[in-house]
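Written below as structure tokens is the structure these notes are about.
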Amino acid sequence: MDRRQFIKTTGAGALTAAAVAAGCAPRRDDNKSGNTPSGMPYRVNPNNGDRVSLLGYGCMRWPMIKDASGADIIDQNVVDELVEHAMANGVNYYDTSPAYLQGQSERAAGLALKRYPRDSYYIATKLSNFGNFSPEASLRMYRDSFEQMYTDYFDYYLLHSIGGGGWEQFKRRYLDNGMVDFLKKEKEAGRIRQLGFSFHGNQQAFDDFIAMHDRGEIHWDFVQIQMNYIDWTHADGVRNVNAEYLYKQLDDREIPITIMEPLQGGRLANVPANVATRFKEREPDKSIASWAFRFVGTYPRVLTILSGMTDMAPLKDNLDTFLDFKPLNEEELEFMEEMAVMMKEYPMVNCNDCNYCMPCPWGIDIPGIFRHYNKMITDGTFAQSSEQKEYARLRRAYLVSYDRAIPTVRQAAHCISCGECLSHCPQSIAIPKELNRINRYVEKLKRDTL
Amino acid sequence: MLRHIRIVLASIFFIAITLLFLDLTGVMHLWFGWMAKVQFLPAVFAANFAVVAGLVLLTLIFGRVYCSVICPMGVFQDIVSRLRVTRDRRRKNHKHFAFSGEKRIVRYGVLILFISALLIGFHAFVAILAPYSSYGRIAQNLFAPIVQGINNLFAIIAERAGSYAFYTRDVWIHSLPTLIIAAITFVVVVILAWKGGRTYCNTICPVGTVLGLLSRFSLFRPVIDREACKNCRVCEHNCKASCIDISTHSIDASRCVSCFDCIDNCKFSALKYRFAYGRKDAASEALGQSPGMTGESSDTSRRAFLIGAAALATTAVAKAQQKKVDGGYAAVMDKKVPHRDIPVTPFGSRSVKDFYNRCTACQLCVATCPNGVLRPSTDFDRLMQPEMSYERGYCRPECTKCSEVCPAGAILPITPEEKTSYKVGLARVDRDLCVVETKGVSCGNCARRCPVGAIRMVLKDPSDPKSLRIPTVIETRCIGCGACENLCPSRPISAITVNGRENHIEKLF
């Protein structure tokens with residue numbers, strides 16, 4: 001019996017069903033799955049009946065350690081444990097890319113997943129041909145992904161982060177080199193089960209890609225968008241389009257949507273104190289992050305919500321949210337909008353710590369500087385004026401923690417505004433401008449002229 | 001009693017002055033900064049007449065209390081010889097020291113050499129002999145790294161605990177020759193103090209010699225009462241200045257540092273600290289001298305010390321080690337010191353010449369500089385005297401720390417506002433190194449970070465308004481703080497570097 005038919009007929013949990021169908025249940029504690037009130041929610045992909053767990057695993061943020069030579073490597077032992085725990089609790093969608101984590105993410109995910117039957121989980125990876133658009137390089141990248149992940153087919157395959165640079169850039173990356181045609185044939189051959197794209201960009205670019213679908217030039221099986229209660233109607237400026245618009249366009253066409261950055265790289269898990277208070281007043285025992293996930297999961301066209309869980313704590317917290325998933329009601333959605341407005345008042349940098357801008361050729365730790373700046377704002381250790389209460393303590397906290405977080409030679413003062421990073425940023429952050437803004441702030445603190 | 005007062009005062013001075021060099025908080029000089037400013041040589045160099053007159057008067061009245069209370073080098077030797085005495089006592093040996101004659105040729109010979117060096121501007125020689133500065137170098141080069149290491153341990157703990165009470169300090173060798181000279185001074189002084197107490201003060205130290213000239217005539221001094229004296233020689237064997245001769249019942253007042261040990265030690269109250277000109281006999285006894293010119297051991301060690309130090313002065317400088325960086329980031333090369341025709345000296349110094357004439361190389365400013373800018377020079381003619389360089393940081397506009405601490409008047413006290421009226425250096429651009437030329441990228445970081453707006457970006461090709469812009473320096477605006485040099489992306493040598501200016505306070509129009 002085919003696995004997918006089996007799932008359709010039984011309607012049992014995807015993981016359990018798959019394991020039974022394959023005849024070899026993965027080693028796990030049976031008590032762990034199914035001992036919660038409702039268990040992992042699954043959404044069905046209308047194109048092929050895939051039952052996808054609402055919580056998907058984003059493989060962009062695996063934990064890194066140093067090897068003997070001092071190079072960064074993924075901590076495979078931890079990855080194995082995380083995947084083991086995720087699988088045991090019904091997480092069956094794993095999203096990676098050849099570009100993530102200095103190119104090591106696919107292999108790490110592949111190693112952790114190959115311990116399970118291939119049909120007990122879905123692999124999503126991407127054509128991340130950012131640097132070299134030639135057909136040879138793109139093909140090499142595509143073929144290499146199979147090897148890295150020990151598989152001969154991909155369940156979900158994405159054109160990685162299109163939209164930046166508009167149609168022109170898309171044409172260069174995927175049309176002129178024949179990759180779209182090639183991937184369509186791969187899909188016919190069964191090596192790609194679902195073909196889609198992940199999107200960062202303005203409305204015009206998105207409309208162009210959807211028009212391709214409408215004209216029948218390509219069938220987008222699914223689309224991955226950035227969606228969270230901030231980006232729903234408060235996406236930054238003209239360069240990023242509101243998730244509400246994207247969702248509506250895709251929903252109208254019944255295209256399943258996978259969600260990235262539901263927490264904006266963790267920023268929505270650690271919010272300023274007054275926002276946190278409002279969340280905690282309503283649900284004292286639930287994490288701040290749970291609200292962000294519930295917001296996204298409330299929308300029915302969402303197939304899966306990706307979360308890049310670096311260690312066990314966020315994984316367990318997310319499982320708490322999803323194993324007993326409660327969508328938001330109308331009133332709660334309005335409350336979320338109110339929180340979004342409150343959040344927007346903080347002068348944070350819209351950085352989700354994806355590291356696409358790295359390495360900066362001049363050695364600047366771009367995401368580190370933004371991470372530190374945002375954290376100080378969120379934690380309330382952010383001096384806004386020398387008149388402020390506890391100004392001296394806040395000033396010291398910022399300056400000392402800045403030096404702790406970022407080596408002096410990688411700090412914002414060394415940014416020469418060459419603009420090399422600009423095209424890499426999926427959030428279209430004006431990186432040199434923001435670094436200069438932060439440096440001006442640091443200078444004011446140092447000179448005591450805030 | 002007098003001895004106890006002396007010990008308490010000396011401890012206060014010694015600990016406070018040492019803390020000035022080990023200060024991690026920057027508040028010590030607010031309370032104890034004056035202690036550096038009452039040091040004899042720095043006060044002379046600072047033309048601080050009040051302090052010099054005060055010290056002269058102090059010595060003329062009470063003897064060389066300066067040497068036993070105020071001078072940290074003197075107290076340091078007392079600590080060392082005290083350890084030796086403690087060890088002797090444990091071994092039931094009570095003959096710690098013995099009288100030895102004054103080594104006049106060495107004393108005055110060194111003093112003459114010292115004054116000659118001063119006159120011809122041989123600053124390194126002056127600096128090596130300056131007692132307070134010698135101690136300062138020991139504290140800065142040998143003690144400070146230990147304290148910083150401990151601080152860094154606390155910083156690691158604080159970081160884990162989410163506290164900002166401690167933060168990591170860079171421990172780095174500011175200058176290898178200076179470190180070596182400090183280490184040799186330390187070893188020589190420890191050996192001399194262990195063996196002979198105040199040998200260094202009474203044969204080598206030029207300040208000791210000068211004050212000794214005065215203390216010959218001091219009004220108050222220890223005097224031996226011949227009637228009461230039982231010739232037990234306890235005082236002589238406990239005199240770290242080796243200046244009590246019981247065979248003649250005389251005390252060499254030029255070498256006595258007024259430590260009052262003899263007075264406390266005498267079981268028969270035969271020694272008194274009193275007005276020396278009252279009774280004729282006592283005065284003549286006190287003034288009695290017993291010259292002796294042997295002292296071979298200390299003479300040779302002094303020579304070894306000087307020769308060793310001079311030899312080291314000429315040894316090459318160790319270049320800063322290049323650091324390895326993470327794989328996740330582009331490597332950032334360490335900066336190298338560029339060539340400077342004229343050294344850059346701190347804001348607050350009147351001119352390069354004046355600065356090096358006054359500086360006694362005590363390293364207090366080096367120890368205080370929070371930006372890693374000041375370090376002892378490795379140039380032979382100003383060895384150990386500080387200079388500025390911008391590989392680790394630049395002279396930040398809000399910082400005036402070095403000017404606050406300088407005891408020698410080499411750096412005048414200034415405010416951050418006054419700072420921009422000093423022009424200690426002038427930036428110049430090397431277009432061959434500028435990344436606008438070498439990498440063809442747009443930059444302008446030097447212009448963006450210049451605190452006085454002295455850098456203008458101009459079109460590389462004036463006929464093409466779209467061409468990239470390269471930096472130029474408005475000479476009259478540049479103050480030489482080094483922000484441009486430090487933040488220039490060209491590595492290891494910056495494309496914009498600061499050269500010193502001879503005069504720092506200049507009227508332009």
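By convention in this document, the chains of the structure tokens carry letters A, B, ... by their order, each chain's residues are numbered from 1, and ligands are numbered from 1 in the order they are shown.
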
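Running DSSP on the backbone and keeping only strand (DSSP E or B), the residues of region 217-257 of chain B that qualify are Phe220, Arg221, Pro222, Val223, Ile224, Ile244, Asp245, Ser250 and Ile251 of chain B.
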
So that I have them on file, write out the residues from the current selection with C-alpha atoms, as a tab-separated table (two decimals), in the first residue's frame.
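Output file selection_16.tsv follows:
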```
chain	number	residue	atom	x	y	z
B	220	PHE	CA	65.88	66.81	63.64
B	221	ARG	CA	67.65	63.52	63.37
B	222	PRO	CA	68.42	60.40	65.45
B	223	VAL	CA	71.21	61.04	67.88
B	224	ILE	CA	73.08	58.49	70.03
B	244	ILE	CA	75.01	53.79	62.24
B	245	ASP	CA	78.57	53.27	63.35
B	250	SER	CA	77.98	58.33	64.90
B	251	ILE	CA	75.11	58.33	62.42
```

Self-check item: Contacts of region 445-449 of chain B within 6 Å, only C-alpha atoms, excl. fewer than 6 positions in-chain, as a PyMOL selection string
Solution: (chain A and resi 416) or (chain B and resi 455+484)

Mind dumping a table of every chain B residue within 10 Å of chain A, with the nearest atom pair and its distance in Å to one decimal, using only C-alpha atoms, sorted by chain and rising number, as JSON lines?
```
{"residue": "B:Ala155", "atom": "CA", "partner": "A:Arg404", "partner_atom": "CA", "distance": 9.7}
{"residue": "B:Ile156", "atom": "CA", "partner": "A:Arg404", "partner_atom": "CA", "distance": 9.9}
{"residue": "B:Glu159", "atom": "CA", "partner": "A:Arg404", "partner_atom": "CA", "distance": 8.1}
{"residue": "B:Gly162", "atom": "CA", "partner": "A:Ser401", "partner_atom": "CA", "distance": 9.2}
{"residue": "B:Ser163", "atom": "CA", "partner": "A:Ala397", "partner_atom": "CA", "distance": 8.4}
{"residue": "B:Tyr164", "atom": "CA", "partner": "A:Ala397", "partner_atom": "CA", "distance": 5.9}
{"residue": "B:Ala165", "atom": "CA", "partner": "A:Ala397", "partner_atom": "CA", "distance": 9.0}
{"residue": "B:Phe166", "atom": "CA", "partner": "A:Val400", "partner_atom": "CA", "distance": 8.5}
{"residue": "B:Tyr167", "atom": "CA", "partner": "A:Val400", "partner_atom": "CA", "distance": 6.5}
{"residue": "B:Thr168", "atom": "CA", "partner": "A:Arg404", "partner_atom": "CA", "distance": 7.9}
{"residue": "B:Lys324", "atom": "CA", "partner": "A:Gly70", "partner_atom": "CA", "distance": 9.1}
{"residue": "B:Val325", "atom": "CA", "partner": "A:Gly70", "partner_atom": "CA", "distance": 8.5}
{"residue": "B:Asp326", "atom": "CA", "partner": "A:Ala71", "partner_atom": "CA", "distance": 6.4}
{"residue": "B:Gly327", "atom": "CA", "partner": "A:Ala71", "partner_atom": "CA", "distance": 5.1}
{"residue": "B:Gly328", "atom": "CA", "partner": "A:Asp72", "partner_atom": "CA", "distance": 6.6}
{"residue": "B:Tyr329", "atom": "CA", "partner": "A:Pro359", "partner_atom": "CA", "distance": 5.1}
{"residue": "B:Ala330", "atom": "CA", "partner": "A:Gly363", "partner_atom": "CA", "distance": 4.7}
{"residue": "B:Ala331", "atom": "CA", "partner": "A:Gly363", "partner_atom": "CA", "distance": 6.3}
{"residue": "B:Val332", "atom": "CA", "partner": "A:Gly363", "partner_atom": "CA", "distance": 5.9}
{"residue": "B:Met333", "atom": "CA", "partner": "A:Val409", "partner_atom": "CA", "distance": 9.5}
{"residue": "B:Asp334", "atom": "CA", "partner": "A:Val409", "partner_atom": "CA", "distance": 9.1}
{"residue": "B:Arg392", "atom": "CA", "partner": "A:Thr408", "partner_atom": "CA", "distance": 8.8}
{"residue": "B:Gly393", "atom": "CA", "partner": "A:Thr408", "partner_atom": "CA", "distance": 8.9}
{"residue": "B:Arg396", "atom": "CA", "partner": "A:Arg447", "partner_atom": "CA", "distance": 8.5}
{"residue": "B:Pro397", "atom": "CA", "partner": "A:Arg447", "partner_atom": "CA", "distance": 7.3}
{"residue": "B:Glu398", "atom": "CA", "partner": "A:Arg447", "partner_atom": "CA", "distance": 5.2}
{"residue": "B:Cys399", "atom": "CA", "partner": "A:Arg447", "partner_atom": "CA", "distance": 8.4}
{"residue": "B:Pro416", "atom": "CA", "partner": "A:Arg447", "partner_atom": "CA", "distance": 9.6}
{"residue": "B:Val435", "atom": "CA", "partner": "A:Ile416", "partner_atom": "CA", "distance": 9.9}
{"residue": "B:Val436", "atom": "CA", "partner": "A:Cys418", "partner_atom": "CA", "distance": 9.8}
{"residue": "B:Gly440", "atom": "CA", "partner": "A:Cys418", "partner_atom": "CA", "distance": 9.8}
{"residue": "B:Val441", "atom": "CA", "partner": "A:Cys418", "partner_atom": "CA", "distance": 6.1}
{"residue": "B:Ser442", "atom": "CA", "partner": "A:Cys418", "partner_atom": "CA", "distance": 5.3}
{"residue": "B:Cys443", "atom": "CA", "partner": "A:Ile416", "partner_atom": "CA", "distance": 4.9}
{"residue": "B:Gly444", "atom": "CA", "partner": "A:Ile416", "partner_atom": "CA", "distance": 6.6}
{"residue": "B:Asn445", "atom": "CA", "partner": "A:Ile416", "partner_atom": "CA", "distance": 5.0}
{"residue": "B:Cys446", "atom": "CA", "partner": "A:Ile416", "partner_atom": "CA", "distance": 8.7}
{"residue": "B:Arg448", "atom": "CA", "partner": "A:Ile416", "partner_atom": "CA", "distance": 8.9}
{"residue": "B:Arg449", "atom": "CA", "partner": "A:Ala413", "partner_atom": "CA", "distance": 7.6}
{"residue": "B:Ala483", "atom": "CA", "partner": "A:Ala413", "partner_atom": "CA", "distance": 10.0}
{"residue": "B:Asn486", "atom": "CA", "partner": "A:His414", "partner_atom": "CA", "distance": 8.9}
{"residue": "B:Leu487", "atom": "CA", "partner": "A:His414", "partner_atom": "CA", "distance": 5.6}
{"residue": "B:Cys488", "atom": "CA", "partner": "A:His414", "partner_atom": "CA", "distance": 7.5}
{"residue": "B:Pro489", "atom": "CA", "partner": "A:His414", "partner_atom": "CA", "distance": 7.1}
{"residue": "B:Ser490", "atom": "CA", "partner": "A:Trp362", "partner_atom": "CA", "distance": 9.5}
```

If you keep C-alpha atoms, can you produce a file of those selected residues as an mmCIF file, in the first residue's frame?
```cif
data_model
loop_
_atom_site.group_PDB
_atom_site.id
_atom_site.type_symbol
_atom_site.label_atom_id
_atom_site.label_comp_id
_atom_site.auth_asym_id
_atom_site.auth_seq_id
_atom_site.Cartn_x
_atom_site.Cartn_y
_atom_site.Cartn_z
ATOM 1 C CA ALA B 155 34.937 39.615 33.925
ATOM 2 C CA ILE B 156 34.267 36.081 32.715
ATOM 3 C CA GLU B 159 29.574 37.972 31.995
ATOM 4 C CA GLY B 162 24.944 39.063 33.437
ATOM 5 C CA SER B 163 26.731 41.730 35.477
ATOM 6 C CA TYR B 164 28.520 44.743 34.045
ATOM 7 C CA ALA B 165 30.709 45.273 37.122
ATOM 8 C CA PHE B 166 33.808 43.886 35.424
ATOM 9 C CA TYR B 167 34.821 43.831 31.822
ATOM 10 C CA THR B 168 37.737 42.315 30.001
ATOM 11 C CA LYS B 324 43.845 34.200 14.365
ATOM 12 C CA VAL B 325 40.162 34.820 13.758
ATOM 13 C CA ASP B 326 37.028 32.717 13.382
ATOM 14 C CA GLY B 327 36.072 30.947 10.205
ATOM 15 C CA GLY B 328 32.620 32.511 10.233
ATOM 16 C CA TYR B 329 33.975 35.990 9.653
ATOM 17 C CA ALA B 330 36.338 37.536 7.167
ATOM 18 C CA ALA B 331 39.786 37.667 8.738
ATOM 19 C CA VAL B 332 40.772 41.069 10.103
ATOM 20 C CA MET B 333 44.516 41.613 10.063
ATOM 21 C CA ASP B 334 46.094 43.367 13.038
ATOM 22 C CA ARG B 392 44.335 49.478 19.045
ATOM 23 C CA GLY B 393 42.231 52.584 19.333
ATOM 24 C CA ARG B 396 38.898 59.657 21.916
ATOM 25 C CA PRO B 397 37.451 63.171 22.039
ATOM 26 C CA GLU B 398 35.884 62.765 25.483
ATOM 27 C CA CYS B 399 38.994 61.353 27.185
ATOM 28 C CA PRO B 416 37.633 67.728 26.454
ATOM 29 C CA VAL B 435 40.763 50.991 -0.587
ATOM 30 C CA VAL B 436 39.036 53.404 -2.952
ATOM 31 C CA GLY B 440 37.626 50.278 -6.246
ATOM 32 C CA VAL B 441 34.993 50.495 -3.503
ATOM 33 C CA SER B 442 33.341 53.550 -2.043
ATOM 34 C CA CYS B 443 34.560 54.199 1.492
ATOM 35 C CA GLY B 444 35.019 57.523 3.263
ATOM 36 C CA ASN B 445 35.139 55.996 6.741
ATOM 37 C CA CYS B 446 37.919 58.405 7.781
ATOM 38 C CA ARG B 448 32.698 59.941 8.532
ATOM 39 C CA ARG B 449 34.451 59.234 11.827
ATOM 40 C CA ALA B 483 40.332 58.267 14.533
ATOM 41 C CA ASN B 486 42.424 53.567 13.546
ATOM 42 C CA LEU B 487 39.206 53.144 11.553
ATOM 43 C CA CYS B 488 40.808 52.997 8.103
ATOM 44 C CA PRO B 489 39.944 49.649 6.476
ATOM 45 C CA SER B 490 43.395 49.348 4.904
#
```

Quiz item: What is the distance between CA of Lys439 (chain B) and CA of Arg469 (chain B), in Å to one decimal?
Solution: 12.8 Å

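Residues with any atom within 10 Å of Arg169 (chain B), counting only C-alpha atoms and excluding same-chain neighbours fewer than 3 positions away, are Leu24, Pro145, Gln148, Gly149, Asn151, Asn152, Ala155, Phe166, Trp172 and Pro370 of chain B.
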
Please produce an output containing N, CA and C atoms for each residue in the selection, written as a compact mmCIF listing (two decimals), in the first residue's frame.
```txt
# COMPACT_ATOMS: atom_id res chain seq x y z
N LEU B 24 41.70 50.13 37.79
CA LEU B 24 40.86 49.70 36.68
C LEU B 24 39.59 50.54 36.62
N PRO B 145 49.69 43.63 34.76
CA PRO B 145 49.16 42.47 34.02
C PRO B 145 48.55 41.43 34.94
N GLN B 148 45.21 42.78 35.96
CA GLN B 148 44.30 42.72 34.81
C GLN B 148 43.86 41.28 34.54
N GLY B 149 44.79 40.34 34.74
CA GLY B 149 44.44 38.94 34.56
C GLY B 149 43.35 38.52 35.55
N ASN B 151 41.29 40.57 37.02
CA ASN B 151 40.09 41.29 36.57
C ASN B 151 39.38 40.53 35.46
N ASN B 152 40.17 39.99 34.52
CA ASN B 152 39.56 39.29 33.39
C ASN B 152 38.86 38.00 33.84
N ALA B 155 35.76 39.19 35.06
CA ALA B 155 34.94 39.62 33.92
C ALA B 155 34.21 38.42 33.33
N PHE B 166 32.45 44.08 35.94
CA PHE B 166 33.81 43.89 35.42
C PHE B 166 33.74 43.67 33.92
N TRP B 172 48.48 43.47 27.11
CA TRP B 172 49.40 43.47 25.97
C TRP B 172 50.73 44.10 26.36
N PRO B 370 42.82 54.50 28.47
CA PRO B 370 41.84 53.44 28.28
C PRO B 370 41.68 53.00 26.83
```

Self-check item: Pick from A:Met212, A:Leu323, A:Leu333, A:Met339 nearest to Val275 (chain A), counting only C-alpha atoms
Solution: A:Met339

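Counting only C-alpha atoms, the residue from B:Glu417, B:Glu485, B:Glu404, B:Asp261 that sits nearest to Asp78 (chain B) is B:Asp261.
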
Practice problem: Name the residues in contact with region 307-318 of chain A at a cut-off of 10 Å, using only C-alpha atoms, excluding same-chain residues fewer than 4 positions from it; report them as a PyMOL selection string. | Solution: chain A and resi 55-64+78-79+81-83+85-86+89+94-96+259-266+269+286-287+289-290+293+322-323

Selected residues, C-alpha atoms, written as a PDB file, in the first residue's frame, please.
```pdb
ATOM      1  CA  LEU A  55       5.199  22.911  13.302  1.00  0.00           C
ATOM      2  CA  GLY A  56       8.012  22.496  10.811  1.00  0.00           C
ATOM      3  CA  TYR A  57      11.692  22.367  11.623  1.00  0.00           C
ATOM      4  CA  GLY A  58      13.785  25.199  10.175  1.00  0.00           C
ATOM      5  CA  CYS A  59      17.358  24.006   9.780  1.00  0.00           C
ATOM      6  CA  MET A  60      18.965  27.459   9.495  1.00  0.00           C
ATOM      7  CA  ARG A  61      19.823  27.765  13.168  1.00  0.00           C
ATOM      8  CA  TRP A  62      21.415  24.486  14.260  1.00  0.00           C
ATOM      9  CA  PRO A  63      23.870  24.947  17.143  1.00  0.00           C
ATOM     10  CA  MET A  64      27.463  25.599  16.082  1.00  0.00           C
ATOM     11  CA  VAL A  78      22.701  17.977  19.566  1.00  0.00           C
ATOM     12  CA  VAL A  79      21.083  17.997  16.104  1.00  0.00           C
ATOM     13  CA  GLU A  81      18.841  14.663  19.777  1.00  0.00           C
ATOM     14  CA  LEU A  82      16.702  17.565  18.580  1.00  0.00           C
ATOM     15  CA  VAL A  83      15.501  15.672  15.517  1.00  0.00           C
ATOM     16  CA  HIS A  85      12.659  14.609  19.986  1.00  0.00           C
ATOM     17  CA  ALA A  86      10.923  16.435  17.144  1.00  0.00           C
ATOM     18  CA  ASN A  89       6.427  14.404  18.767  1.00  0.00           C
ATOM     19  CA  TYR A  94      12.364  19.756   7.691  1.00  0.00           C
ATOM     20  CA  ASP A  95      13.389  22.856   5.743  1.00  0.00           C
ATOM     21  CA  THR A  96      17.022  23.475   4.840  1.00  0.00           C
ATOM     22  CA  ILE A 259       5.719  30.172   6.801  1.00  0.00           C
ATOM     23  CA  MET A 260       9.175  31.440   7.650  1.00  0.00           C
ATOM     24  CA  GLU A 261      10.213  33.922  10.330  1.00  0.00           C
ATOM     25  CA  PRO A 262       7.096  33.484  12.495  1.00  0.00           C
ATOM     26  CA  LEU A 263       9.240  34.904  15.326  1.00  0.00           C
ATOM     27  CA  GLN A 264      11.376  37.293  13.261  1.00  0.00           C
ATOM     28  CA  GLY A 265      14.490  35.369  14.142  1.00  0.00           C
ATOM     29  CA  GLY A 266      13.529  35.180  17.806  1.00  0.00           C
ATOM     30  CA  ALA A 269       9.996  35.557  21.571  1.00  0.00           C
ATOM     31  CA  LYS A 286       2.292  30.432  28.075  1.00  0.00           C
ATOM     32  CA  SER A 287       5.472  31.701  26.494  1.00  0.00           C
ATOM     33  CA  ALA A 289       6.544  32.950  21.484  1.00  0.00           C
ATOM     34  CA  SER A 290       3.381  30.844  21.697  1.00  0.00           C
ATOM     35  CA  PHE A 293       2.841  30.844  16.528  1.00  0.00           C
ATOM     36  CA  PHE A 322       1.529  23.011  18.994  1.00  0.00           C
ATOM     37  CA  LEU A 323       0.580  19.770  20.735  1.00  0.00           C
TER      38      LEU A 323
END
```

Exercise. Would you list, as a count of residues only, the residues of region 185-364 of chain A that end up in alpha helix (DSSP H) under DSSP run on this structure's backbone?
Key: 77

Quiz item: What's the 10 Å shell around Thr497 (chain B), counting only C-alpha atoms, without same-chain residues fewer than 3 positions away, as number ranges by chain?
Solution: B: 337-340, 389-390, 425-430, 480, 482-486, 488, 493-494

Exercise. Fewer than 6 positions away in the same chain doesn't count, so skip those; otherwise give me all residues within 12 Å of Gly109 (chain B), counting only C-alpha atoms, as a ChimeraX atom specification.
Key: /B:103,115-116,203-206,209,299,302

Can you write out the residues you just picked, keeping C-alpha atoms, as a compact mmCIF listing (two decimals), in the first residue's frame?
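Contents of selection.txt, as written:
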```txt
# COMPACT_ATOMS: atom_id res chain seq x y z
CA LYS B 103 80.47 55.32 48.71
CA ILE B 115 72.60 65.88 35.71
CA SER B 116 74.76 65.69 32.60
CA THR B 203 74.58 54.79 46.31
CA ILE B 204 72.64 55.01 43.05
CA CYS B 205 69.46 57.03 43.46
CA PRO B 206 70.09 60.65 42.41
CA THR B 209 71.92 61.78 46.91
CA ASP B 299 79.35 49.24 42.66
CA ARG B 302 75.16 49.08 39.65
```

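Checking B:Ala182, B:Leu119, B:Val373, B:Met35 one by one against Tyr394 (chain B), counting only C-alpha atoms, you find the shortest gap at B:Val373.
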
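Using only C-alpha atoms, the smallest distance between any of A:Gly165, A:Pro347, A:Pro426, A:Gly49 and Ile377 (chain A) comes from A:Pro347.
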
Which residues of region 231-271 of chain B sit at most 9 Å from region 55-69 of chain B, using only C-alpha atoms? Give each one's shortest atom pair and distance in Å (one decimal place), in chain and ascending residue order, as a Markdown table.
```
| residue | atom | partner | partner_atom | distance |
| --- | --- | --- | --- | --- |
| B:Ala253 | CA | B:Gly63 | CA | 7.7 |
| B:Ser254 | CA | B:Arg64 | CA | 8.3 |
| B:Arg255 | CA | B:Arg64 | CA | 8.2 |
| B:Cys256 | CA | B:Arg64 | CA | 6.9 |
| B:Val257 | CA | B:Arg64 | CA | 4.6 |
| B:Ser258 | CA | B:Val65 | CA | 5.5 |
| B:Cys259 | CA | B:Ser68 | CA | 6.1 |
```

Output C-alpha atoms for every residue in that selection, as a PDB file, in the first residue's frame.
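Listed below is the output, part_6.pdb:
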```pdb
ATOM      1  CA  ALA B 253      72.795  61.825  58.450  1.00  0.00           C
ATOM      2  CA  SER B 254      73.184  61.997  54.681  1.00  0.00           C
ATOM      3  CA  ARG B 255      72.255  58.346  54.408  1.00  0.00           C
ATOM      4  CA  CYS B 256      69.775  58.096  57.262  1.00  0.00           C
ATOM      5  CA  VAL B 257      66.246  57.881  55.831  1.00  0.00           C
ATOM      6  CA  SER B 258      64.567  58.662  59.158  1.00  0.00           C
ATOM      7  CA  CYS B 259      62.899  55.303  59.479  1.00  0.00           C
TER       8      CYS B 259
END
```
